[in-house]
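Asks: My structure file entry-v5.pdb, PDB, C-alpha atoms, is below:
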MODEL        1
ATOM      1  CA  MET A  25      90.463 101.118 148.980
ATOM      2  CA  GLU A  26      93.080  98.414 149.014
ATOM      3  CA  ARG A  27      91.942  94.805 148.885
ATOM      4  CA  SER A  28      93.185  92.711 151.777
ATOM      5  CA  VAL A  29      94.690  89.302 151.100
ATOM      6  CA  PRO A  30      94.173  86.388 153.490
ATOM      7  CA  ASN A  31      97.212  85.213 155.420
ATOM      8  CA  TYR A  32      97.457  81.819 153.716
ATOM      9  CA  LYS A  33     100.626  80.926 155.569
ATOM     10  CA  ARG A  34      98.889  81.170 158.936
ATOM     11  CA  ILE A  35      95.746  79.447 157.652
ATOM     12  CA  PHE A  36      97.642  76.419 156.334
ATOM     13  CA  GLU A  37      99.896  76.227 159.393
ATOM     14  CA  ASP A  38      96.800  76.076 161.623
ATOM     15  CA  ILE A  39      95.113  73.459 159.432
ATOM     16  CA  ILE A  40      98.222  71.280 159.338
ATOM     17  CA  GLN A  41      98.831  71.630 163.064
ATOM     18  CA  LYS A  42      95.264  70.663 164.000
ATOM     19  CA  LYS A  43      94.301  68.091 161.366
ATOM     20  CA  CYS A  44      97.401  66.522 159.853
ATOM     21  CA  PRO A  45     100.708  67.358 161.574
ATOM     22  CA  GLU A  46     102.429  64.521 159.696
ATOM     23  CA  LYS A  47     102.153  66.524 156.461
ATOM     24  CA  TYR A  48     104.089  69.532 157.769
ATOM     25  CA  SER A  49     107.394  68.210 156.427
ATOM     26  CA  LEU A  50     105.871  68.020 152.925
ATOM     27  CA  CYS A  51     104.652  71.628 153.139
ATOM     28  CA  ALA A  52     107.579  73.201 155.015
ATOM     29  CA  HIS A  53     109.384  74.479 151.904
ATOM     30  CA  LEU A  54     106.268  76.392 150.819
ATOM     31  CA  LEU A  55     105.372  77.656 154.290
ATOM     32  CA  ASN A  56     108.899  78.978 154.888
ATOM     33  CA  LYS A  57     108.628  81.441 151.999
ATOM     34  CA  SER A  58     108.301  85.104 152.919
ATOM     35  CA  GLU A  59     105.301  85.500 150.602
ATOM     36  CA  ILE A  60     102.975  82.723 149.428
ATOM     37  CA  SER A  61     101.664  83.055 145.865
ATOM     38  CA  ALA A  62      98.405  81.713 144.477
ATOM     39  CA  MET A  63     100.320  78.831 142.876
ATOM     40  CA  ASP A  64     101.767  77.963 146.294
ATOM     41  CA  VAL A  65      98.254  77.947 147.765
ATOM     42  CA  LEU A  66      97.153  75.476 145.078
ATOM     43  CA  LYS A  67     100.150  73.234 145.814
ATOM     44  CA  LEU A  68      99.530  73.385 149.569
ATOM     45  CA  ASN A  69      95.870  72.618 149.030
ATOM     46  CA  ALA A  70      96.753  69.551 146.948
ATOM     47  CA  ILE A  71      99.204  68.299 149.596
ATOM     48  CA  VAL A  72      97.023  68.893 152.648
ATOM     49  CA  PHE A  73      93.605  67.874 151.346
ATOM     50  CA  ASP A  74      92.912  64.621 149.562
ATOM     51  CA  LYS A  75      91.456  65.145 146.129
ATOM     52  CA  ASN A  76      88.168  63.590 145.099
ATOM     53  CA  SER A  77      85.887  64.504 142.242
ATOM     54  CA  GLU A  78      83.047  65.848 144.401
ATOM     55  CA  SER A  79      85.180  68.276 146.386
ATOM     56  CA  GLU A  80      87.086  69.313 143.261
ATOM     57  CA  SER A  81      83.925  70.367 141.441
ATOM     58  CA  ILE A  82      82.682  72.335 144.459
ATOM     59  CA  ASN A  83      86.013  74.061 145.077
ATOM     60  CA  GLN A  84      86.543  74.871 141.404
ATOM     61  CA  LYS A  85      83.818  77.516 141.578
ATOM     62  CA  HIS A  86      85.718  79.517 144.198
ATOM     63  CA  LYS A  87      89.154  79.761 142.620
ATOM     64  CA  SER A  88      90.582  83.103 141.616
ATOM     65  CA  TYR A  89      93.959  83.914 140.124
ATOM     66  CA  ASP A  90      96.120  87.015 140.223
ATOM     67  CA  SER A  91      97.975  88.273 137.171
ATOM     68  CA  ASP A  92     101.302  86.773 138.299
ATOM     69  CA  THR A  93      99.763  83.319 138.575
ATOM     70  CA  ILE A  94      98.028  83.656 135.222
ATOM     71  CA  ASN A  95     101.339  84.628 133.627
ATOM     72  CA  LYS A  96     103.034  81.603 135.242
ATOM     73  CA  ILE A  97     100.332  79.303 133.858
ATOM     74  CA  LEU A  98     100.629  80.806 130.377
ATOM     75  CA  ASN A  99     104.435  80.597 130.527
ATOM     76  CA  TYR A 100     104.143  76.955 131.611
ATOM     77  CA  GLN A 101     102.041  76.338 128.519
ATOM     78  CA  LYS A 102     104.537  78.095 126.269
ATOM     79  CA  GLU A 103     107.626  76.418 127.780
ATOM     80  CA  ASN A 104     106.122  72.935 127.553
ATOM     81  CA  LYS A 105     104.467  73.559 124.176
ATOM     82  CA  LEU A 106     101.045  72.472 125.427
ATOM     83  CA  SER A 107      97.632  73.058 123.913
ATOM     84  CA  ASN A 108      94.856  74.851 125.778
ATOM     85  CA  VAL A 109      93.251  71.475 126.471
ATOM     86  CA  GLU A 110      96.416  70.048 128.012
ATOM     87  CA  VAL A 111      96.970  73.101 130.213
ATOM     88  CA  SER A 112      93.347  73.162 131.300
ATOM     89  CA  ARG A 113      93.568  69.509 132.365
ATOM     90  CA  HIS A 114      96.865  70.050 134.188
ATOM     91  CA  PHE A 115      95.605  73.034 136.217
ATOM     92  CA  ASN A 116      91.954  71.898 136.353
ATOM     93  CA  LEU A 117      90.635  74.920 134.449
ATOM     94  CA  SER A 118      88.315  75.310 131.508
ATOM     95  CA  ARG A 119      89.677  75.669 127.982
ATOM     96  CA  SER A 120      87.738  78.880 127.544
ATOM     97  CA  THR A 121      89.441  80.370 130.607
ATOM     98  CA  ILE A 122      92.873  79.643 129.139
ATOM     99  CA  SER A 123      91.982  81.166 125.765
ATOM    100  CA  LYS A 124      90.408  84.204 127.462
ATOM    101  CA  TRP A 125      93.574  84.734 129.504
ATOM    102  CA  LYS A 126      95.736  84.394 126.395
ATOM    103  CA  LYS A 127      93.701  87.036 124.566
ATOM    104  CA  THR A 128      93.574  89.397 127.536
ATOM    105  CA  PHE A 129      97.219  89.137 128.527
ATOM    106  CA  SER A 130      98.615  89.223 124.990
ATOM    107  CA  ALA A 131      96.531  92.356 124.288
ATOM    108  CA  ALA A 132      97.793  93.945 127.512
ATOM    109  CA  GLN A 133     101.406  93.159 126.598
ATOM    110  CA  ILE A 134     100.936  94.643 123.120
ATOM    111  CA  ASN A 135      99.411  97.799 124.615
ATOM    112  CA  ASN A 136     102.333  98.139 127.046
ATOM    113  CA  PHE A 137     104.801  97.699 124.201
ATOM    114  CA  VAL A 138     103.094 100.350 122.052
ATOM    115  CA  ARG A 139     103.154 102.873 124.939
ATOM    116  CA  LEU A 140     106.906 102.542 125.311
TER     117      LEU A 140
ENDMDL
END
Could you render the structure as structure tokens?
Replies:
Amino acid sequence: MERSVPNYKRIFEDIIQKKCPEKYSLCAHLLNKSEISAMDVLKLNAIVFDKNSESESINQKHKSYDSDTINKILNYQKENKLSNVEVSRHFNLSRSTISKWKKTFSAAQINNFVRL
């Protein structure tokens, strides 16, 4: 059974149209993409909704990341030579999540390399 993905483009277009049409110009470059990634959803969310500490802590519990997004985050860390703490602060994640991803994805890459 294939897992369905929400149509984030339509969701954000509706939210912007109804609640804050003045922000459409800021989001247009992301909404015009053919496919919106999880990183794009995070950027749109930051643009459309004002951040405050209470809503951030509530919303943090419901975040999920696909493997492409995790790889982008880990590549961002590598390219900018950041520690786990710095990356976790930048993306609002826990340090343990970053280290878990590093272990999981480096082990997966090693296994793929060995199979070749």
Asks: Report, in Å to a single decimal, how far apart atom CA of A:Ser61 and atom CA of A:Val109 are.
Replies: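 Distance reported for this atom pair: 24.1 Å.
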Asks: I need the output of the PyMOL selection byres ((chain A and resi 38-41) around 12) for this file as a PyMOL selection string; which residues are they?
Replies: chain A and resi 31-37+42-52+55+68-69+71-73
Asks: Name the residues that the PyMOL selection byres ((chain A and resi 92) around 12) pulls out of this structure, and write them as a count of residues only.
Replies: 18
Asks: Quick one, how far is atom CA of A:Lys105 from atom CA of A:Lys126?
Replies: 14.1 Å
Asks: Work out how far apart atom CA of A:Glu59 and atom CA of A:Pro30 are and give it in Å to one decimal.
Replies: 11.5 Å
Asks: Just save stretch 44-74 of chain A with N, CA and C atoms, as a CSV table (one decimal), in the first residue's frame.
Replies:
chain,number,residue,atom,x,y,z
A,44,CYS,N,-3.6,35.6,4.5
A,44,CYS,CA,-2.6,36.6,4.3
A,44,CYS,C,-2.2,36.7,2.8
A,45,PRO,N,-3.0,37.2,2.0
A,45,PRO,CA,-2.7,37.4,0.5
A,45,PRO,C,-1.5,38.2,0.3
A,46,GLU,N,-1.1,39.1,1.2
A,46,GLU,CA,0.0,40.0,1.0
A,46,GLU,C,1.3,39.2,1.0
A,47,LYS,N,1.3,38.0,1.5
A,47,LYS,CA,2.5,37.2,1.6
A,47,LYS,C,2.7,36.3,0.4
A,48,TYR,N,1.8,36.3,-0.6
A,48,TYR,CA,1.9,35.4,-1.7
A,48,TYR,C,3.2,35.7,-2.5
A,49,SER,N,3.6,36.9,-2.7
A,49,SER,CA,4.8,37.3,-3.5
A,49,SER,C,6.0,36.7,-2.8
A,50,LEU,N,6.0,36.6,-1.5
A,50,LEU,CA,7.2,36.0,-0.8
A,50,LEU,C,7.3,34.5,-1.0
A,51,CYS,N,6.1,33.9,-1.2
A,51,CYS,CA,6.0,32.4,-1.3
A,51,CYS,C,6.0,31.9,-2.8
A,52,ALA,N,5.8,32.8,-3.7
A,52,ALA,CA,5.5,32.4,-5.1
A,52,ALA,C,6.6,31.5,-5.7
A,53,HIS,N,7.9,31.8,-5.4
A,53,HIS,CA,8.9,31.0,-6.0
A,53,HIS,C,8.9,29.5,-5.5
A,54,LEU,N,8.4,29.3,-4.3
A,54,LEU,CA,8.3,28.0,-3.8
A,54,LEU,C,7.0,27.3,-4.3
A,55,LEU,N,5.9,28.0,-4.4
A,55,LEU,CA,4.7,27.5,-4.8
A,55,LEU,C,4.6,27.2,-6.3
A,56,ASN,N,5.5,27.8,-7.1
A,56,ASN,CA,5.6,27.6,-8.5
A,56,ASN,C,6.4,26.3,-8.9
A,57,LYS,N,7.0,25.7,-8.0
A,57,LYS,CA,7.7,24.5,-8.2
A,57,LYS,C,6.8,23.4,-8.6
A,58,SER,N,7.2,22.4,-9.4
A,58,SER,CA,6.4,21.3,-9.8
A,58,SER,C,6.1,20.4,-8.6
A,59,GLU,N,7.1,20.2,-7.8
A,59,GLU,CA,7.0,19.3,-6.6
A,59,GLU,C,7.6,20.1,-5.4
A,60,ILE,N,6.9,20.1,-4.3
A,60,ILE,CA,7.3,20.8,-3.1
A,60,ILE,C,7.9,19.8,-2.1
A,61,SER,N,9.2,20.0,-1.7
A,61,SER,CA,9.8,19.1,-0.8
A,61,SER,C,9.5,19.4,0.6
A,62,ALA,N,10.0,18.6,1.6
A,62,ALA,CA,9.8,18.9,3.0
A,62,ALA,C,10.5,20.1,3.4
A,63,MET,N,11.6,20.4,2.8
A,63,MET,CA,12.4,21.6,3.2
A,63,MET,C,11.6,22.9,2.7
A,64,ASP,N,10.9,22.7,1.5
A,64,ASP,CA,10.1,23.8,1.0
A,64,ASP,C,8.9,24.1,2.0
A,65,VAL,N,8.3,23.0,2.5
A,65,VAL,CA,7.2,23.1,3.4
A,65,VAL,C,7.6,23.9,4.7
A,66,LEU,N,8.8,23.6,5.2
A,66,LEU,CA,9.4,24.3,6.3
A,66,LEU,C,9.6,25.8,6.0
A,67,LYS,N,10.1,26.1,4.9
A,67,LYS,CA,10.3,27.5,4.5
A,67,LYS,C,9.0,28.2,4.4
A,68,LEU,N,8.0,27.6,3.7
A,68,LEU,CA,6.7,28.2,3.5
A,68,LEU,C,6.0,28.4,4.9
A,69,ASN,N,6.2,27.4,5.8
A,69,ASN,CA,5.6,27.6,7.1
A,69,ASN,C,6.2,28.7,7.9
A,70,ALA,N,7.5,28.9,7.7
A,70,ALA,CA,8.2,30.0,8.4
A,70,ALA,C,7.7,31.4,7.8
A,71,ILE,N,7.5,31.4,6.5
A,71,ILE,CA,7.1,32.7,5.9
A,71,ILE,C,5.7,33.0,6.2
A,72,VAL,N,4.8,32.1,6.1
A,72,VAL,CA,3.3,32.3,6.3
A,72,VAL,C,3.0,32.5,7.8
A,73,PHE,N,3.5,31.7,8.7
A,73,PHE,CA,3.1,31.8,10.1
A,73,PHE,C,4.1,32.5,10.9
A,74,ASP,N,3.7,33.4,11.7
A,74,ASP,CA,4.7,34.0,12.6
A,74,ASP,C,5.2,33.0,13.7
